[in-house]
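As provided, input32.csv (CSV, C-alpha atoms) reads as follows.
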```csv
chain,number,residue,atom,x,y,z
A,875,MET,CA,24.9,-94.3,42.4
A,876,SER,CA,21.8,-95.0,44.5
A,877,THR,CA,21.7,-98.3,46.5
A,878,GLN,CA,18.0,-98.0,47.2
A,879,PRO,CA,16.0,-100.5,45.1
A,880,SER,CA,13.0,-98.2,44.9
A,881,ASN,CA,15.1,-95.4,43.3
A,882,GLN,CA,16.7,-97.9,41.0
A,883,HIS,CA,13.3,-99.0,40.0
A,884,ARG,CA,12.2,-95.5,39.4
A,885,ASP,CA,15.2,-94.9,37.2
A,886,ASP,CA,14.4,-97.9,35.1
A,887,GLN,CA,10.8,-96.7,34.8
A,888,ASN,CA,12.1,-93.3,33.7
A,889,ILE,CA,14.4,-94.9,31.1
A,890,ASP,CA,11.5,-97.0,29.8
A,891,LEU,CA,9.3,-94.0,29.6
A,892,GLU,CA,12.0,-92.0,27.7
A,893,THR,CA,12.7,-94.9,25.3
A,894,ARG,CA,9.0,-95.2,24.6
A,895,LEU,CA,8.7,-91.5,24.2
A,896,THR,CA,11.6,-91.4,21.8
A,897,GLU,CA,10.3,-94.3,19.8
A,898,ASP,CA,6.9,-92.7,19.6
A,899,HIS,CA,8.4,-89.4,18.5
A,900,HIS,CA,10.5,-91.2,15.8
A,901,ALA,CA,7.5,-93.2,14.6
A,902,ALA,CA,5.5,-90.0,14.2
A,903,LEU,CA,8.3,-88.1,12.4
A,904,LYS,CA,8.8,-91.0,10.1
A,905,LEU,CA,5.1,-91.2,9.3
A,906,TRP,CA,5.0,-87.4,8.7
A,907,LEU,CA,8.0,-87.3,6.4
A,908,ARG,CA,6.7,-90.2,4.4
A,909,MET,CA,3.2,-88.7,4.1
A,910,LEU,CA,4.7,-85.3,3.1
A,911,SER,CA,7.0,-86.9,0.5
A,912,CYS,CA,4.2,-88.9,-1.1
A,913,THR,CA,1.9,-85.8,-1.1
A,914,VAL,CA,4.6,-83.7,-2.8
A,915,MET,CA,5.3,-86.5,-5.4
A,916,VAL,CA,1.6,-86.8,-6.3
A,917,GLU,CA,1.0,-83.1,-6.2
A,918,SER,CA,3.9,-82.2,-8.4
A,919,GLU,CA,3.0,-84.9,-10.9
A,920,ILE,CA,-0.6,-83.6,-11.1
A,921,ARG,CA,0.7,-80.0,-11.3
A,922,ASN,CA,2.8,-80.9,-14.3
A,923,ARG,CA,0.1,-82.9,-16.1
A,924,LEU,CA,-2.5,-80.1,-15.6
A,925,ARG,CA,-0.1,-77.7,-17.1
A,926,SER,CA,0.9,-79.8,-20.1
A,927,GLU,CA,-2.6,-81.2,-20.8
A,928,PHE,CA,-4.8,-78.3,-20.0
A,929,GLU,CA,-2.4,-75.3,-19.7
A,930,ILE,CA,-3.9,-74.7,-16.2
A,931,THR,CA,-2.2,-74.2,-12.9
A,932,LEU,CA,-3.0,-76.3,-9.9
A,933,PRO,CA,-4.3,-73.4,-7.8
A,934,ARG,CA,-6.6,-72.4,-10.7
A,935,PHE,CA,-7.9,-76.0,-11.0
A,936,ASP,CA,-8.3,-76.1,-7.2
A,937,LEU,CA,-10.3,-72.9,-7.2
A,938,MET,CA,-12.7,-74.2,-9.9
A,939,ALA,CA,-13.0,-77.5,-7.9
A,940,GLN,CA,-14.1,-75.7,-4.8
A,941,LEU,CA,-16.7,-73.7,-6.8
A,942,GLU,CA,-17.9,-76.9,-8.4
A,943,ARG,CA,-18.6,-78.3,-4.9
A,944,HIS,CA,-20.6,-75.1,-3.9
A,945,PRO,CA,-23.1,-74.4,-6.7
A,946,ASP,CA,-24.6,-71.5,-4.7
A,947,GLY,CA,-21.3,-69.7,-4.9
A,948,LEU,CA,-18.6,-68.8,-2.3
A,949,ARG,CA,-17.5,-65.5,-0.9
A,950,MET,CA,-13.8,-64.6,-1.4
A,951,GLY,CA,-12.9,-65.3,2.2
A,952,GLU,CA,-14.6,-68.8,2.2
A,953,LEU,CA,-13.0,-69.6,-1.1
A,954,SER,CA,-9.5,-68.7,0.3
A,955,LYS,CA,-10.1,-70.9,3.3
A,956,ARG,CA,-11.2,-73.8,1.2
A,957,MET,CA,-8.2,-73.8,-1.2
A,958,MET,CA,-6.3,-77.0,-0.8
A,959,VAL,CA,-3.0,-75.8,-2.3
A,960,THR,CA,-0.9,-72.8,-1.5
A,961,GLY,CA,0.8,-70.4,-3.8
A,962,GLY,CA,-2.2,-69.0,-5.6
A,963,ASN,CA,-3.5,-65.5,-5.4
A,964,VAL,CA,-7.3,-66.1,-5.1
A,965,THR,CA,-8.3,-62.6,-6.2
A,966,GLY,CA,-5.9,-62.7,-9.2
A,967,ILE,CA,-7.1,-66.2,-10.3
A,968,THR,CA,-10.7,-65.1,-9.9
A,969,ASP,CA,-10.1,-62.0,-12.1
A,970,GLN,CA,-8.5,-64.2,-14.8
A,971,LEU,CA,-11.3,-66.8,-14.8
A,972,GLU,CA,-13.9,-64.0,-14.9
A,973,GLN,CA,-12.2,-62.5,-18.0
A,974,GLU,CA,-12.3,-65.9,-19.6
A,975,GLY,CA,-16.0,-66.3,-18.8
A,976,LEU,CA,-15.5,-69.3,-16.6
A,977,VAL,CA,-16.6,-67.7,-13.3
A,978,GLU,CA,-18.9,-64.8,-12.4
A,979,ARG,CA,-19.2,-62.5,-9.4
A,980,VAL,CA,-22.8,-62.3,-8.2
A,981,ILE,CA,-24.0,-59.5,-5.9
A,982,GLU,CA,-25.8,-61.0,-2.9
A,983,ALA,CA,-29.5,-60.0,-2.5
A,984,LYS,CA,-29.2,-59.7,1.3
A,985,ASP,CA,-26.1,-57.7,1.4
A,986,ARG,CA,-25.5,-55.6,-1.7
A,987,ARG,CA,-21.9,-54.8,-0.7
A,988,ALA,CA,-21.0,-58.5,-0.7
A,989,TYR,CA,-20.6,-60.8,-3.6
A,990,SER,CA,-20.1,-64.5,-4.2
A,991,VAL,CA,-18.2,-66.2,-6.9
A,992,LYS,CA,-19.8,-69.0,-9.0
A,993,LEU,CA,-18.8,-71.1,-12.0
A,994,THR,CA,-20.6,-70.1,-15.2
A,995,ASN,CA,-22.1,-72.7,-17.5
A,996,ALA,CA,-18.9,-72.6,-19.6
A,997,GLY,CA,-16.9,-73.0,-16.3
A,998,HIS,CA,-18.9,-76.1,-15.3
A,999,LYS,CA,-18.3,-77.6,-18.7
A,1000,ALA,CA,-14.6,-76.8,-18.7
A,1001,PHE,CA,-14.1,-78.1,-15.2
A,1002,ALA,CA,-16.1,-81.3,-15.8
A,1003,ARG,CA,-13.9,-82.2,-18.8
A,1004,MET,CA,-10.7,-81.7,-16.7
A,1005,ALA,CA,-12.1,-83.3,-13.6
A,1006,GLN,CA,-12.7,-86.6,-15.4
A,1007,VAL,CA,-9.1,-86.7,-16.7
A,1008,HIS,CA,-7.8,-85.6,-13.3
A,1009,GLU,CA,-9.6,-88.4,-11.5
A,1010,ALA,CA,-8.1,-91.0,-13.9
A,1011,TRP,CA,-4.6,-89.6,-13.2
A,1012,VAL,CA,-5.2,-89.9,-9.5
A,1013,ALA,CA,-6.5,-93.5,-9.9
A,1014,GLU,CA,-3.3,-94.3,-11.9
A,1015,LEU,CA,-1.0,-92.7,-9.3
A,1016,PHE,CA,-2.6,-94.6,-6.5
A,1017,SER,CA,-2.8,-97.9,-8.4
A,1018,GLY,CA,0.0,-99.3,-6.3
A,1019,LEU,CA,-2.5,-99.8,-3.5
A,1020,ASN,CA,-5.4,-102.3,-3.9
A,1021,ALA,CA,-9.0,-101.5,-3.0
A,1022,GLU,CA,-8.6,-102.9,0.5
A,1023,GLN,CA,-5.4,-100.9,1.2
A,1024,LYS,CA,-7.0,-97.7,-0.2
A,1025,ASN,CA,-9.9,-98.2,2.2
A,1026,ALA,CA,-7.5,-98.8,5.1
A,1027,MET,CA,-5.6,-95.7,4.4
A,1028,VAL,CA,-8.8,-93.6,4.1
A,1029,ASP,CA,-9.9,-94.9,7.5
A,1030,LEU,CA,-6.5,-94.0,9.1
A,1031,LEU,CA,-6.5,-90.6,7.5
A,1032,SER,CA,-10.1,-89.9,8.6
A,1033,LYS,CA,-9.0,-90.8,12.2
A,1034,LEU,CA,-6.0,-88.4,11.9
A,1035,LYS,CA,-8.1,-85.7,10.4
A,1036,ASN,CA,-10.7,-85.9,13.2
A,1037,SER,CA,-8.0,-85.7,15.8
A,1038,LEU,CA,-6.4,-82.7,14.0
A,1039,THR,CA,-9.7,-80.9,13.8
A,1040,THR,CA,-10.3,-81.4,17.5
A,1041,ASP,CA,-6.8,-80.6,18.8
A,1042,VAL,CA,-5.6,-77.9,16.4
A,1043,SER,CA,-6.8,-74.3,16.3
B,245,MET,CA,-32.7,-104.5,-26.9
B,246,SER,CA,-30.6,-107.7,-27.6
B,247,THR,CA,-32.3,-111.0,-27.1
B,248,GLN,CA,-29.1,-112.9,-27.4
B,249,PRO,CA,-28.0,-114.2,-24.0
B,250,SER,CA,-24.3,-113.9,-24.9
B,251,ASN,CA,-24.6,-110.1,-25.8
B,252,GLN,CA,-26.7,-109.5,-22.7
B,253,HIS,CA,-23.9,-111.2,-20.7
B,254,ARG,CA,-21.3,-109.0,-22.3
B,255,ASP,CA,-23.3,-105.9,-21.6
B,256,ASP,CA,-23.5,-106.9,-17.9
B,257,GLN,CA,-19.8,-107.5,-17.8
B,258,ASN,CA,-19.2,-104.1,-19.3
B,259,ILE,CA,-21.5,-102.4,-16.8
B,260,ASP,CA,-19.7,-104.3,-14.0
B,261,LEU,CA,-16.3,-103.2,-15.3
B,262,GLU,CA,-17.4,-99.6,-15.6
B,263,THR,CA,-18.9,-99.6,-12.1
B,264,ARG,CA,-15.8,-101.1,-10.7
B,265,LEU,CA,-13.7,-98.6,-12.6
B,266,THR,CA,-15.8,-95.7,-11.3
B,267,GLU,CA,-15.7,-97.0,-7.8
B,268,ASP,CA,-11.9,-97.4,-8.0
B,269,HIS,CA,-11.5,-93.9,-9.4
B,270,HIS,CA,-13.7,-92.5,-6.6
B,271,ALA,CA,-11.8,-94.4,-3.9
B,272,ALA,CA,-8.5,-93.1,-5.2
B,273,LEU,CA,-9.8,-89.5,-5.4
B,274,LYS,CA,-11.2,-89.7,-1.9
B,275,LEU,CA,-7.9,-91.1,-0.6
B,276,TRP,CA,-5.9,-88.3,-2.4
B,277,LEU,CA,-8.1,-85.5,-1.1
B,278,ARG,CA,-8.0,-86.8,2.4
B,279,MET,CA,-4.3,-87.2,2.3
B,280,LEU,CA,-3.8,-83.7,0.8
B,281,SER,CA,-6.1,-82.1,3.4
B,282,CYS,CA,-4.3,-83.9,6.3
B,283,THR,CA,-0.9,-82.9,4.9
B,284,VAL,CA,-2.0,-79.3,4.5
B,285,MET,CA,-3.4,-79.1,8.1
B,286,VAL,CA,-0.2,-80.6,9.6
B,287,GLU,CA,2.1,-78.5,7.4
B,288,SER,CA,0.3,-75.2,8.1
B,289,GLU,CA,0.3,-75.9,11.9
B,290,ILE,CA,4.0,-76.6,11.8
B,291,ARG,CA,4.6,-73.5,9.6
B,292,ASN,CA,2.8,-71.3,12.2
B,293,ARG,CA,4.6,-72.8,15.2
B,294,LEU,CA,8.0,-72.5,13.6
B,295,ARG,CA,7.3,-68.9,12.9
B,296,SER,CA,6.0,-68.0,16.3
B,297,GLU,CA,8.4,-70.2,18.3
B,298,PHE,CA,11.6,-69.7,16.4
B,299,GLU,CA,10.9,-66.9,13.9
B,300,ILE,CA,11.9,-69.3,11.1
B,301,THR,CA,10.1,-70.1,7.9
B,302,LEU,CA,9.3,-73.7,6.9
B,303,PRO,CA,11.5,-73.7,3.7
B,304,ARG,CA,14.4,-72.4,5.8
B,305,PHE,CA,13.9,-75.2,8.4
B,306,ASP,CA,13.5,-77.7,5.6
B,307,LEU,CA,16.8,-76.5,4.0
B,308,MET,CA,18.7,-76.9,7.3
B,309,ALA,CA,17.1,-80.3,7.8
B,310,GLN,CA,18.4,-81.5,4.4
B,311,LEU,CA,21.9,-80.2,5.3
B,312,GLU,CA,21.7,-82.0,8.7
B,313,ARG,CA,21.1,-85.3,6.9
B,314,HIS,CA,24.1,-84.6,4.6
B,315,PRO,CA,27.1,-83.7,6.7
B,316,ASP,CA,29.4,-83.7,3.7
B,317,GLY,CA,27.4,-80.9,2.2
B,318,LEU,CA,25.1,-80.6,-0.8
B,319,ARG,CA,25.5,-78.8,-4.1
B,320,MET,CA,22.8,-76.2,-4.8
B,321,GLY,CA,21.1,-78.5,-7.4
B,322,GLU,CA,21.0,-81.4,-5.0
B,323,LEU,CA,19.7,-79.2,-2.2
B,324,SER,CA,16.8,-77.9,-4.4
B,325,LYS,CA,15.9,-81.4,-5.4
B,326,ARG,CA,15.7,-82.6,-1.8
B,327,MET,CA,13.6,-79.7,-0.5
B,328,MET,CA,10.3,-81.1,0.8
B,329,VAL,CA,8.3,-77.9,0.7
B,330,THR,CA,7.7,-75.5,-2.1
B,331,GLY,CA,7.7,-71.7,-2.0
B,332,GLY,CA,11.3,-71.2,-0.9
B,333,ASN,CA,14.0,-69.6,-3.0
B,334,VAL,CA,17.0,-71.9,-2.2
B,335,THR,CA,19.7,-69.5,-3.2
B,336,GLY,CA,18.1,-66.6,-1.3
B,337,ILE,CA,17.6,-68.8,1.9
B,338,THR,CA,21.2,-70.0,1.6
B,339,ASP,CA,22.5,-66.4,1.3
B,340,GLN,CA,20.6,-65.4,4.5
B,341,LEU,CA,21.7,-68.4,6.5
B,342,GLU,CA,25.3,-67.8,5.4
B,343,GLN,CA,25.1,-64.2,6.6
B,344,GLU,CA,23.9,-65.4,9.9
B,345,GLY,CA,26.8,-67.9,10.1
B,346,LEU,CA,24.5,-70.9,10.1
B,347,VAL,CA,25.7,-72.4,6.8
B,348,GLU,CA,28.9,-72.1,4.8
B,349,ARG,CA,29.7,-72.5,1.1
B,350,VAL,CA,32.7,-74.8,0.7
B,351,ILE,CA,34.7,-74.9,-2.6
B,352,GLU,CA,35.1,-78.5,-3.7
B,353,ALA,CA,38.7,-79.8,-3.9
B,354,LYS,CA,38.0,-81.8,-7.1
B,355,ASP,CA,36.3,-79.1,-9.0
B,356,ARG,CA,37.2,-75.6,-7.9
B,357,ARG,CA,34.3,-74.0,-9.9
B,358,ALA,CA,31.8,-76.1,-7.8
B,359,TYR,CA,30.8,-75.6,-4.2
B,360,SER,CA,28.8,-77.4,-1.6
B,361,VAL,CA,26.7,-76.0,1.2
B,362,LYS,CA,27.2,-77.3,4.8
B,363,LEU,CA,25.8,-76.4,8.2
B,364,THR,CA,28.4,-74.6,10.4
B,365,ASN,CA,28.8,-75.7,14.1
B,366,ALA,CA,26.5,-72.8,15.0
B,367,GLY,CA,24.0,-74.1,12.4
B,368,HIS,CA,24.1,-77.7,13.8
B,369,LYS,CA,23.4,-76.4,17.3
B,370,ALA,CA,20.6,-74.1,16.2
B,371,PHE,CA,19.0,-76.9,14.1
B,372,ALA,CA,19.3,-79.5,16.9
B,373,ARG,CA,17.4,-77.3,19.3
B,374,MET,CA,14.6,-76.7,16.8
B,375,ALA,CA,14.5,-80.3,15.6
B,376,GLN,CA,13.8,-81.6,19.0
B,377,VAL,CA,10.8,-79.2,19.5
B,378,HIS,CA,9.6,-79.9,16.0
B,379,GLU,CA,9.7,-83.7,16.6
B,380,ALA,CA,7.6,-83.2,19.7
B,381,TRP,CA,5.0,-81.2,17.7
B,382,VAL,CA,4.8,-83.9,15.1
B,383,ALA,CA,4.3,-86.5,17.8
B,384,GLU,CA,1.5,-84.4,19.3
B,385,LEU,CA,-0.2,-83.8,15.9
B,386,PHE,CA,-0.2,-87.5,15.1
B,387,SER,CA,-1.2,-88.6,18.6
B,388,GLY,CA,-4.7,-89.4,17.3
B,389,LEU,CA,-3.2,-92.6,15.9
B,390,ASN,CA,-1.8,-95.3,18.2
B,391,ALA,CA,1.6,-97.0,17.6
B,392,GLU,CA,0.0,-99.8,15.5
B,393,GLN,CA,-2.0,-97.4,13.4
B,394,LYS,CA,1.1,-95.3,12.7
B,395,ASN,CA,3.0,-98.4,11.6
B,396,ALA,CA,0.2,-99.5,9.4
B,397,MET,CA,0.2,-96.1,7.7
B,398,VAL,CA,3.9,-96.0,7.3
B,399,ASP,CA,3.7,-99.4,5.5
B,400,LEU,CA,0.9,-98.2,3.2
B,401,LEU,CA,2.8,-95.0,2.4
B,402,SER,CA,6.0,-96.9,1.7
B,403,LYS,CA,4.0,-99.1,-0.7
B,404,LEU,CA,2.6,-96.0,-2.4
B,405,LYS,CA,6.0,-94.3,-2.5
B,406,ASN,CA,7.6,-97.3,-4.2
B,407,SER,CA,4.9,-97.5,-6.8
B,408,LEU,CA,5.2,-93.8,-7.4
B,409,THR,CA,9.0,-93.9,-7.8
B,410,THR,CA,8.6,-96.8,-10.3
B,411,ASP,CA,5.8,-95.4,-12.4
B,412,VAL,CA,6.3,-91.7,-12.3
B,413,SER,CA,9.1,-89.7,-14.1
```

Take the structure from the file and write it as structure tokens.
Amino acid sequence: MSTQPSNQHRDDQNIDLETRLTEDHHAALKLWLRMLSCTVMVESEIRNRLRSEFEITLPRFDLMAQLERHPDGLRMGELSKRMMVTGGNVTGITDQLEQEGLVERVIEAKDRRAYSVKLTNAGHKAFARMAQVHEAWVAELFSGLNAEQKNAMVDLLSKLKNSLTTDVS
Amino acid sequence: MSTQPSNQHRDDQNIDLETRLTEDHHAALKLWLRMLSCTVMVESEIRNRLRSEFEITLPRFDLMAQLERHPDGLRMGELSKRMMVTGGNVTGITDQLEQEGLVERVIEAKDRRAYSVKLTNAGHKAFARMAQVHEAWVAELFSGLNAEQKNAMVDLLSKLKNSLTTDVS
């Protein structure tokens, strides 16, 4: 055991640092697990309701939502990157939706080997109907938070998202 | 157009109500999409790091994490219910981990047709090593939020989770 006060002091500092590090790690892990479990709960509820109400899978709804946000169409690679949920085969879903007349593949004027995927008019209509109901479900599922709490959480998530976009990849 | 002040007043009230409803729906949808996109970003980063650092899939890590939290073991049904991530075949993962000596199936004394899954000693050790690194990654990924902001977010998510547990299912 050291009798030098300076070393003792350094040991204390190290212990403080470690304690703070451990506390910070635990707080981050707690936050992540809570966020993951809330996301899973909301996602699976929406997945079930989409299936029973509209007989549509979540990846299919997600794909149509991405196309709705990009009226000029998206190439397959862009579409894959923008999908929010995993587990869907983008090409397979696009094929199905095309057969049902809800999306179309459009050859690009500039590069005739490339094509974009767009919603058809029927696709826009079908999506608009589902999106309205979907938005009401989301409002219901988040009704445990009041307007102020929702805003606070959007701010915190925006901060997190910015730091993730900067640090990761 | 109505000339009656009372009707005019009621119309205004309806418009106010609709505006507030629309605003509330949009706020909830914005919050949900931000939460989903943050979760997807963190999850896919962790998925990639687990694969490159430990050659382990996220569902496999998740399954071991659930067993770590339940030292008395879990039945297959309980284990499936507790898994936080989708896309894993619980029976298949358990078979693999058993072959590698990381988990074991234990026949229950009370009901000899039923069995529980537990981590073996080797499983505990392997998981502990990964869990420490995993926790440091999570701390790094959430370092964009300070301690106070992390706590605020845990509180908001707890509130959300309670309301989801009460309302849903």

Compile the contact shell of Ser402 (chain B) as an mmCIF file with C-alpha atoms, in the coordinates of the input: residues with an atom at most 8 Å away, counting only C-alpha atoms, same-chain residues fewer than 4 positions apart removed.
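As written to disk, out.cif reads:
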```cif
data_model
loop_
_atom_site.group_PDB
_atom_site.id
_atom_site.type_symbol
_atom_site.label_atom_id
_atom_site.label_comp_id
_atom_site.auth_asym_id
_atom_site.auth_seq_id
_atom_site.Cartn_x
_atom_site.Cartn_y
_atom_site.Cartn_z
ATOM 1 C CA ARG A 908 6.700 -90.200 4.400
ATOM 2 C CA VAL B 398 3.900 -96.000 7.300
ATOM 3 C CA ASN B 406 7.600 -97.300 -4.200
#
```

Kindly provide, as an MDAnalysis selection string, the residues of chain A having any atom no farther than 9 Å from an atom of chain B, counting all atoms listed in the file.
-> chainID A and resid 898:917 919 958:961 1009:1019 1021 1023:1028 1030:1039 1041:1043

Residues just named, written with C-alpha atoms as a PDB file, in the coordinates of the input:
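Just written: again38.pdb:
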```
ATOM      1  CA  ASP A 898       6.900 -92.700  19.600  1.00  0.00           C
ATOM      2  CA  HIS A 899       8.400 -89.400  18.500  1.00  0.00           C
ATOM      3  CA  HIS A 900      10.500 -91.200  15.800  1.00  0.00           C
ATOM      4  CA  ALA A 901       7.500 -93.200  14.600  1.00  0.00           C
ATOM      5  CA  ALA A 902       5.500 -90.000  14.200  1.00  0.00           C
ATOM      6  CA  LEU A 903       8.300 -88.100  12.400  1.00  0.00           C
ATOM      7  CA  LYS A 904       8.800 -91.000  10.100  1.00  0.00           C
ATOM      8  CA  LEU A 905       5.100 -91.200   9.300  1.00  0.00           C
ATOM      9  CA  TRP A 906       5.000 -87.400   8.700  1.00  0.00           C
ATOM     10  CA  LEU A 907       8.000 -87.300   6.400  1.00  0.00           C
ATOM     11  CA  ARG A 908       6.700 -90.200   4.400  1.00  0.00           C
ATOM     12  CA  MET A 909       3.200 -88.700   4.100  1.00  0.00           C
ATOM     13  CA  LEU A 910       4.700 -85.300   3.100  1.00  0.00           C
ATOM     14  CA  SER A 911       7.000 -86.900   0.500  1.00  0.00           C
ATOM     15  CA  CYS A 912       4.200 -88.900  -1.100  1.00  0.00           C
ATOM     16  CA  THR A 913       1.900 -85.800  -1.100  1.00  0.00           C
ATOM     17  CA  VAL A 914       4.600 -83.700  -2.800  1.00  0.00           C
ATOM     18  CA  MET A 915       5.300 -86.500  -5.400  1.00  0.00           C
ATOM     19  CA  VAL A 916       1.600 -86.800  -6.300  1.00  0.00           C
ATOM     20  CA  GLU A 917       1.000 -83.100  -6.200  1.00  0.00           C
ATOM     21  CA  GLU A 919       3.000 -84.900 -10.900  1.00  0.00           C
ATOM     22  CA  MET A 958      -6.300 -77.000  -0.800  1.00  0.00           C
ATOM     23  CA  VAL A 959      -3.000 -75.800  -2.300  1.00  0.00           C
ATOM     24  CA  THR A 960      -0.900 -72.800  -1.500  1.00  0.00           C
ATOM     25  CA  GLY A 961       0.800 -70.400  -3.800  1.00  0.00           C
ATOM     26  CA  GLU A1009      -9.600 -88.400 -11.500  1.00  0.00           C
ATOM     27  CA  ALA A1010      -8.100 -91.000 -13.900  1.00  0.00           C
ATOM     28  CA  TRP A1011      -4.600 -89.600 -13.200  1.00  0.00           C
ATOM     29  CA  VAL A1012      -5.200 -89.900  -9.500  1.00  0.00           C
ATOM     30  CA  ALA A1013      -6.500 -93.500  -9.900  1.00  0.00           C
ATOM     31  CA  GLU A1014      -3.300 -94.300 -11.900  1.00  0.00           C
ATOM     32  CA  LEU A1015      -1.000 -92.700  -9.300  1.00  0.00           C
ATOM     33  CA  PHE A1016      -2.600 -94.600  -6.500  1.00  0.00           C
ATOM     34  CA  SER A1017      -2.800 -97.900  -8.400  1.00  0.00           C
ATOM     35  CA  GLY A1018       0.000 -99.300  -6.300  1.00  0.00           C
ATOM     36  CA  LEU A1019      -2.500 -99.800  -3.500  1.00  0.00           C
ATOM     37  CA  ALA A1021      -9.000-101.500  -3.000  1.00  0.00           C
ATOM     38  CA  GLN A1023      -5.400-100.900   1.200  1.00  0.00           C
ATOM     39  CA  LYS A1024      -7.000 -97.700  -0.200  1.00  0.00           C
ATOM     40  CA  ASN A1025      -9.900 -98.200   2.200  1.00  0.00           C
ATOM     41  CA  ALA A1026      -7.500 -98.800   5.100  1.00  0.00           C
ATOM     42  CA  MET A1027      -5.600 -95.700   4.400  1.00  0.00           C
ATOM     43  CA  VAL A1028      -8.800 -93.600   4.100  1.00  0.00           C
ATOM     44  CA  LEU A1030      -6.500 -94.000   9.100  1.00  0.00           C
ATOM     45  CA  LEU A1031      -6.500 -90.600   7.500  1.00  0.00           C
ATOM     46  CA  SER A1032     -10.100 -89.900   8.600  1.00  0.00           C
ATOM     47  CA  LYS A1033      -9.000 -90.800  12.200  1.00  0.00           C
ATOM     48  CA  LEU A1034      -6.000 -88.400  11.900  1.00  0.00           C
ATOM     49  CA  LYS A1035      -8.100 -85.700  10.400  1.00  0.00           C
ATOM     50  CA  ASN A1036     -10.700 -85.900  13.200  1.00  0.00           C
ATOM     51  CA  SER A1037      -8.000 -85.700  15.800  1.00  0.00           C
ATOM     52  CA  LEU A1038      -6.400 -82.700  14.000  1.00  0.00           C
ATOM     53  CA  THR A1039      -9.700 -80.900  13.800  1.00  0.00           C
ATOM     54  CA  ASP A1041      -6.800 -80.600  18.800  1.00  0.00           C
ATOM     55  CA  VAL A1042      -5.600 -77.900  16.400  1.00  0.00           C
ATOM     56  CA  SER A1043      -6.800 -74.300  16.300  1.00  0.00           C
TER      57      SER A1043
END
```

For Arg349 (chain B), list every protein, DNA or RNA residue within 7 Å, evaluated using only C-alpha atoms, and leave out those in the same chain fewer than 6 positions away; present the list as a ChimeraX atom specification.
-> /B:359-362

Of the candidates A:Met938, A:Asn995, A:Ile920, A:Asp890, which shows the shortest atom-to-atom distance to Gln970 (chain A), using only C-alpha atoms?
->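 Distance minimum relative to Gln970 (chain A) lands on A:Met938.
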
By how many Å are CA of Val347 (chain B) and CA of Gly367 (chain B) apart?
->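 Calculated distance between CA of Val347 (chain B) and CA of Gly367 (chain B) is 6.1 Å.
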
Selection: 10 Å around Asn292 (chain B), all atoms listed in the file, excl. self and same-chain fewer than 6 positions, as a list in words |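 The filter keeps Phe298, Glu299, Ile300, Thr301 and Leu302 of chain B.
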